[in-house]
Amino acid sequence: MSFAQSEANYDETKVPKFTLPDALVTFSGNNISDHVQWEADRRFEIFQFFERQVYGKVPGRLDEYSFKLIEESNDAYGGKARRKQVAISLKKNKKSITYNMLIYLPKGNPTAPVFLGYNFYGNHTVTSDPKVPLTKAWVPNNESFGIKDNKATEGSRGVRQHRWAIEKMLDNGFGLATIYYGEVDPDKNDFSDGVHELFYTEDQTKPKTNEWGSIAGWAFGLSKAMDYLENDGNISNVVVFGHSRLGKAALWAGATDKRFAGVISNNSGCGGAALSKRKFGETVGKINTAFPHWFADSFLKYNDNEKTLPVDQHQLLALIAPRPLYVASAFDDRWADPKGEFLSAHYASMVYELYEKEGIATEQIPEVNQPLQHTVAYHVRTGKHDVTDYDWEQYITWAKAFIQ
Ligand code: GTR
């Protein structure tokens with residue numbers, strides 16, 4: 001546990017008293033009573049706030065982007081799956097970046113829904129499949145994976161398989177599309193590389209105050225991947241998934257891009273699903289200090305000043321309505337504030353109700369390992385900050401019921 005984690009507040013009685021901004025009352029005080037009004041008068045102002053004051057705006061459009069099928073096989077996972085590896089290139093101002101998407105599809109049906117999610121250490125870490133090349137991008141050093149000098153090694157092949165229940169997905173008719181997030185924007189506090197750099201005007205070295213941080217950069221990368229996936233004749237629907245910082249990116253991707261048929265936030269915590277105003281575990285000040293590059297600089301003014309935030313994260317979740325949304329926590333992951341994640345799903349549900357979609361009606365967090373699954377779903381499982389088979393089993397059951 002880091003110093004910031006050990007000295008955080010984990011005492012429910014010390015959660016400050018706060019008033020949660022109402023998803024159904026506009027900034028100027030008007031009540032919203034149906035989904036037409038929500039979309040016309042409220043959704044956009046909330047969206048704009050998150051876009052300018054939290055994650056930051058994408059500063060323009062690409063000049064060009066393209067996809068290249070690099071490799072394909074009909075014989076992955078012992079013949080159960082087909083594999084595709086697609087290089088996605090983004091171009092702007094005569095500069096470009098390329099990132100790789102690994103796709104496995106079940107062979108039973110001509111089309112299948114897929115989960116799209118970033119991985120933390122390279123596509124080769126999610127599977128032992130030798131046909132997946134090592135990432136050439138910067139990776140964080142990790143002694144237990146044998147990664148030093150920020151370069152992926154053979155030794156890290158398959159080290160994250162336990163976080164991706166690929167065979168379970170395939171056996172249940174789902175595919176997986178995954179990308180190493182560091183190929184879109186390396187996760188370090190410097191903006192000299194990755195997707196941001198493409199958009200700089202001469203002499204610019206970092207995004208402007210209300211422009212995108214890394215989370216918005218990663219979300220943008222997911223949207224561009226969606227441009228490929230929606231045109232792949234073997235894919236019916238895409239549910240965007242992410243764990244932790246990548247869960248924050250998945251939520252923002254779901255909010256910014258309505259083509260995602262559903263969104264899964266796995267232990268996304270502060271700046272993801274958790275309510276900021278509770279200041280339980282990780283706080284806005286702590287996250288902006290440890291990871292100054294994740295959010296727009298305009299978000300810094302809420303460091304230790306959450307009470308002045310005119311929004312909270314349940315409104316980020318509400319931006320995804322009426323599409324299916326799954327928020328999941330882990331009991332021992334107090335840094336991510338399971339209760340704050342639960343309440344956020346509960347308070348977002350009033351927007352789902354405008355569309356006559358069932359959300360999380362109860363204010364009482366369920367017992368561990370007792371999922372509540374409606375269009376909005378929630379579970380808190382036993383264990384720590386991680387993605388487990390248990391999590392995937394719930395996501396698969398829920399996606400079968402709610403993703404068309
Ligand atoms: C932590 C960070 C969390 C979460 C986590 C992760 O250090 O404080 O917000 O994003 O990293 O991504 O695993």
# chains A, B, ... in the order shown; residues from 1 in each chain; ligands from 1

call {"tool": "select_by_dssp", "arguments": {"residues": "region 57-266 of chain A", "states": "strand (DSSP E or B)", "output": "ChimeraX atom specification"}}
result
/A:57,64-76,81-92,95-106,112-119,142,147,175-180,211,235-243,262-266

call {"tool": "closest_atom_pairs", "arguments": {"of": "chain A", "to": "ligand 1", "cutoff": "10 Å", "atoms": "only C-alpha atoms and all ligand atoms", "output": "tab-separated table"}}
result
residue	atom	partner	partner_atom_place_in_ligand_line	distance
A:Met1	CA	ligand 1	7 (O)	9.5
A:Ser2	CA	ligand 1	7 (O)	8.5
A:Ala4	CA	ligand 1	8 (O)	8.8
A:Gln5	CA	ligand 1	8 (O)	8.1
A:Phe120	CA	ligand 1	12 (O)	8.7
A:Gly242	CA	ligand 1	12 (O)	9.6
A:His243	CA	ligand 1	12 (O)	7.0
A:Ser244	CA	ligand 1	12 (O)	4.2
A:Arg245	CA	ligand 1	10 (O)	3.5
A:Leu246	CA	ligand 1	12 (O)	6.5
A:Gly247	CA	ligand 1	10 (O)	8.0
A:Lys248	CA	ligand 1	10 (O)	7.6
A:Ala249	CA	ligand 1	10 (O)	9.8
A:Asn267	CA	ligand 1	4 (C)	8.1
A:Ser268	CA	ligand 1	10 (O)	6.5
A:Gly269	CA	ligand 1	9 (O)	6.0
A:Cys270	CA	ligand 1	9 (O)	5.7
A:Gly271	CA	ligand 1	9 (O)	7.3
A:Gly272	CA	ligand 1	9 (O)	8.1
A:Gly281	CA	ligand 1	8 (O)	9.2
A:Glu282	CA	ligand 1	8 (O)	6.4
A:Thr283	CA	ligand 1	8 (O)	8.9
A:Val284	CA	ligand 1	9 (O)	9.6
A:Lys286	CA	ligand 1	8 (O)	7.7
A:Ile287	CA	ligand 1	8 (O)	5.9
A:Asn288	CA	ligand 1	8 (O)	9.4
A:Thr289	CA	ligand 1	8 (O)	9.8
A:Ala290	CA	ligand 1	8 (O)	7.3
A:Phe291	CA	ligand 1	8 (O)	7.9
A:Trp294	CA	ligand 1	10 (O)	9.6
A:Trp335	CA	ligand 1	8 (O)	7.5
A:Ala336	CA	ligand 1	3 (C)	7.0
A:His385	CA	ligand 1	13 (O)	7.5
A:Asp386	CA	ligand 1	13 (O)	8.2

call {"tool": "residues_around", "arguments": {"residues": "region 167-170 of chain A", "least_positions_apart": "6", "cutoff": "10 Å", "atoms": "only C-alpha atoms", "output": "list in words"}}
result
Tyr77, Lys80, Ala81, Tyr104, Leu105, Pro106, Lys107, Gly108, Ala112, Pro113, Val114, Phe115, Leu176, Asp389, Trp392, Glu393, Tyr395 and Ile396 of chain A

call {"tool": "residues_around", "arguments": {"residues": "Gly221 (chain A)", "least_positions_apart": "2", "cutoff": "10 Å", "atoms": "only C-alpha atoms", "output": "list in words"}}
result
Ile88, Leu90, Tyr99, Tyr118, Ile179, Tyr181, Glu183, Val184, Asp185, Val195, Ile215, Ala216, Gly217, Trp218, Ala219, Ser223, Lys224, Ala225, Met226, Ala249 and Ala253 of chain A

call {"tool": "residues_around", "arguments": {"residues": "Glu51 (chain A)", "least_positions_apart": "2", "cutoff": "10 Å", "atoms": "only C-alpha atoms", "output": "number ranges by chain"}}
result
A: 45-49, 53-58, 210-212, 216, 252, 255-256, 296

call {"tool": "closest_residue", "arguments": {"among": "A:Asn234, A:Ser276, A:Thr362, A:Asn369", "to": "Tyr390 (chain A)", "atoms": "only C-alpha atoms"}}
result
A:Asn369

call {"tool": "residues_around", "arguments": {"residues": "Asn93 (chain A)", "least_positions_apart": "4", "cutoff": "8 Å", "atoms": "only C-alpha atoms", "output": "number ranges by chain"}}
result
A: 63, 198-199

call {"tool": "write_last_selection", "arguments": {"atoms": "N, CA, C and O atoms", "output": "PDB file, in the first residue's frame"}}
result
ATOM      1  N   ASP A  63      -6.692  13.953 -39.462  1.00  0.00           N
ATOM      2  CA  ASP A  63      -6.693  14.163 -40.908  1.00  0.00           C
ATOM      3  C   ASP A  63      -7.124  12.879 -41.604  1.00  0.00           C
ATOM      4  O   ASP A  63      -7.759  12.895 -42.641  1.00  0.00           O
ATOM      5  N   LEU A 198      -0.059  14.249 -31.709  1.00  0.00           N
ATOM      6  CA  LEU A 198      -0.457  14.423 -33.113  1.00  0.00           C
ATOM      7  C   LEU A 198      -1.139  15.772 -33.356  1.00  0.00           C
ATOM      8  O   LEU A 198      -1.096  16.319 -34.446  1.00  0.00           O
ATOM      9  N   PHE A 199      -1.785  16.263 -32.316  1.00  0.00           N
ATOM     10  CA  PHE A 199      -2.656  17.438 -32.488  1.00  0.00           C
ATOM     11  C   PHE A 199      -1.968  18.760 -32.177  1.00  0.00           C
ATOM     12  O   PHE A 199      -2.592  19.820 -32.285  1.00  0.00           O
TER      13      PHE A 199
END

call {"tool": "closest_residue", "arguments": {"among": "A:Gly158, A:Pro21, A:Gly254, A:Pro16", "to": "His314 (chain A)", "atoms": "only C-alpha atoms"}}
result
A:Pro21

call {"tool": "select_by_dssp", "arguments": {"residues": "region 80-204 of chain A", "states": "helix (DSSP H, G or I)", "output": "PyMOL selection string"}}
result
chain A and resi 123-125+143-145+154-156+161-163+166-171+181-183+195-198

call {"tool": "write_last_selection", "arguments": {"atoms": "N, CA and C atoms", "output": "PDB file, in the first residue's frame"}}
result
ATOM      1  N   ASN A 123      -0.776  -6.906 -25.679  1.00  0.00           N
ATOM      2  CA  ASN A 123      -1.731  -7.943 -26.097  1.00  0.00           C
ATOM      3  C   ASN A 123      -1.194  -9.347 -25.807  1.00  0.00           C
ATOM      4  N   HIS A 124       0.115  -9.501 -25.855  1.00  0.00           N
ATOM      5  CA  HIS A 124       0.715 -10.823 -25.620  1.00  0.00           C
ATOM      6  C   HIS A 124       0.586 -11.268 -24.164  1.00  0.00           C
ATOM      7  N   THR A 125       0.160 -10.375 -23.266  1.00  0.00           N
ATOM      8  CA  THR A 125       0.047 -10.764 -21.852  1.00  0.00           C
ATOM      9  C   THR A 125      -1.322 -11.361 -21.516  1.00  0.00           C
ATOM     10  N   GLU A 143       9.153  -6.058 -12.201  1.00  0.00           N
ATOM     11  CA  GLU A 143      10.124  -7.107 -11.907  1.00  0.00           C
ATOM     12  C   GLU A 143       9.527  -8.502 -12.021  1.00  0.00           C
ATOM     13  N   SER A 144       8.288  -8.664 -11.489  1.00  0.00           N
ATOM     14  CA  SER A 144       7.746 -10.020 -11.483  1.00  0.00           C
ATOM     15  C   SER A 144       7.396 -10.495 -12.899  1.00  0.00           C
ATOM     16  N   PHE A 145       7.244  -9.586 -13.839  1.00  0.00           N
ATOM     17  CA  PHE A 145       7.011  -9.985 -15.237  1.00  0.00           C
ATOM     18  C   PHE A 145       8.320  -9.972 -16.035  1.00  0.00           C
ATOM     19  N   GLU A 154       9.588 -11.830 -23.781  1.00  0.00           N
ATOM     20  CA  GLU A 154       8.879 -13.126 -23.898  1.00  0.00           C
ATOM     21  C   GLU A 154       8.354 -13.590 -22.536  1.00  0.00           C
ATOM     22  N   GLY A 155       9.134 -13.293 -21.497  1.00  0.00           N
ATOM     23  CA  GLY A 155       8.760 -13.716 -20.149  1.00  0.00           C
ATOM     24  C   GLY A 155       7.414 -13.147 -19.704  1.00  0.00           C
ATOM     25  N   SER A 156       6.962 -12.080 -20.342  1.00  0.00           N
ATOM     26  CA  SER A 156       5.675 -11.508 -19.923  1.00  0.00           C
ATOM     27  C   SER A 156       4.506 -12.067 -20.739  1.00  0.00           C
ATOM     28  N   GLN A 161      -3.259 -13.557 -18.198  1.00  0.00           N
ATOM     29  CA  GLN A 161      -4.366 -14.410 -18.681  1.00  0.00           C
ATOM     30  C   GLN A 161      -5.504 -14.511 -17.683  1.00  0.00           C
ATOM     31  N   HIS A 162      -5.139 -14.510 -16.390  1.00  0.00           N
ATOM     32  CA  HIS A 162      -6.185 -14.698 -15.375  1.00  0.00           C
ATOM     33  C   HIS A 162      -7.190 -13.547 -15.360  1.00  0.00           C
ATOM     34  N   ARG A 163      -6.832 -12.402 -15.957  1.00  0.00           N
ATOM     35  CA  ARG A 163      -7.770 -11.267 -15.965  1.00  0.00           C
ATOM     36  C   ARG A 163      -8.727 -11.301 -17.151  1.00  0.00           C
ATOM     37  N   ILE A 166     -10.995 -15.651 -21.531  1.00  0.00           N
ATOM     38  CA  ILE A 166     -11.245 -15.720 -22.975  1.00  0.00           C
ATOM     39  C   ILE A 166     -12.036 -16.979 -23.355  1.00  0.00           C
ATOM     40  N   GLU A 167     -11.656 -18.121 -22.778  1.00  0.00           N
ATOM     41  CA  GLU A 167     -12.383 -19.349 -23.151  1.00  0.00           C
ATOM     42  C   GLU A 167     -13.837 -19.301 -22.700  1.00  0.00           C
ATOM     43  N   LYS A 168     -14.069 -18.710 -21.529  1.00  0.00           N
ATOM     44  CA  LYS A 168     -15.464 -18.569 -21.067  1.00  0.00           C
ATOM     45  C   LYS A 168     -16.251 -17.687 -22.033  1.00  0.00           C
ATOM     46  N   MET A 169     -15.614 -16.603 -22.481  1.00  0.00           N
ATOM     47  CA  MET A 169     -16.303 -15.732 -23.442  1.00  0.00           C
ATOM     48  C   MET A 169     -16.648 -16.534 -24.698  1.00  0.00           C
ATOM     49  N   LEU A 170     -15.647 -17.230 -25.238  1.00  0.00           N
ATOM     50  CA  LEU A 170     -15.849 -17.970 -26.490  1.00  0.00           C
ATOM     51  C   LEU A 170     -16.931 -19.030 -26.329  1.00  0.00           C
ATOM     52  N   ASP A 171     -16.873 -19.748 -25.217  1.00  0.00           N
ATOM     53  CA  ASP A 171     -17.852 -20.825 -24.992  1.00  0.00           C
ATOM     54  C   ASP A 171     -19.273 -20.287 -24.856  1.00  0.00           C
ATOM     55  N   TYR A 181      -2.984  -0.272 -23.940  1.00  0.00           N
ATOM     56  CA  TYR A 181      -3.297   1.169 -23.840  1.00  0.00           C
ATOM     57  C   TYR A 181      -2.091   2.067 -24.066  1.00  0.00           C
ATOM     58  N   GLY A 182      -0.901   1.538 -23.752  1.00  0.00           N
ATOM     59  CA  GLY A 182       0.318   2.335 -23.924  1.00  0.00           C
ATOM     60  C   GLY A 182       0.667   2.594 -25.383  1.00  0.00           C
ATOM     61  N   GLU A 183       0.061   1.851 -26.304  1.00  0.00           N
ATOM     62  CA  GLU A 183       0.307   2.135 -27.727  1.00  0.00           C
ATOM     63  C   GLU A 183      -0.511   3.345 -28.182  1.00  0.00           C
ATOM     64  N   VAL A 195      -1.149   9.849 -28.572  1.00  0.00           N
ATOM     65  CA  VAL A 195      -2.168  10.461 -29.426  1.00  0.00           C
ATOM     66  C   VAL A 195      -2.223  11.994 -29.272  1.00  0.00           C
ATOM     67  N   HIS A 196      -1.907  12.504 -28.081  1.00  0.00           N
ATOM     68  CA  HIS A 196      -2.001  13.954 -27.873  1.00  0.00           C
ATOM     69  C   HIS A 196      -1.076  14.727 -28.801  1.00  0.00           C
ATOM     70  N   GLU A 197       0.107  14.168 -28.967  1.00  0.00           N
ATOM     71  CA  GLU A 197       1.169  14.864 -29.690  1.00  0.00           C
ATOM     72  C   GLU A 197       0.798  15.124 -31.157  1.00  0.00           C
ATOM     73  N   LEU A 198      -0.059  14.249 -31.709  1.00  0.00           N
ATOM     74  CA  LEU A 198      -0.457  14.423 -33.113  1.00  0.00           C
ATOM     75  C   LEU A 198      -1.139  15.772 -33.356  1.00  0.00           C
TER      76      LEU A 198
END

call {"tool": "closest_residue", "arguments": {"among": "A:Arg43, A:Lys384, A:Arg278, A:Lys84", "to": "Asn9 (chain A)", "atoms": "only C-alpha atoms"}}
result
A:Arg278

call {"tool": "residues_around", "arguments": {"residues": "Trp138 (chain A)", "least_positions_apart": "4", "cutoff": "9 Å", "atoms": "only C-alpha atoms", "output": "list in words"}}
result
Asp149, Asn150, Lys151, Ala152, Gly182, Glu183, Pro186 and Asp187 of chain A

call {"tool": "closest_residue", "arguments": {"among": "A:Phe191, A:Phe295, A:Tyr326, A:Tyr228", "to": "Val240 (chain A)", "atoms": "only C-alpha atoms"}}
result
A:Tyr326

call {"tool": "closest_residue", "arguments": {"among": "A:Leu325, A:Leu354, A:Leu275, A:Val132", "to": "Lys339 (chain A)", "atoms": "only C-alpha atoms"}}
result
A:Leu275

call {"tool": "atom_distance", "arguments": {"atom1": "CA of Lys94 (chain A)", "atom2": "CA of Lys68 (chain A)"}}
result
18.9 Å

call {"tool": "atom_distance", "arguments": {"atom1": "CA of Asp129 (chain A)", "atom2": "CA of Ala76 (chain A)"}}
result
7.8 Å

call {"tool": "atom_distance", "arguments": {"atom1": "CA of Ala261 (chain A)", "atom2": "CA of Gln85 (chain A)"}}
result
22.2 Å
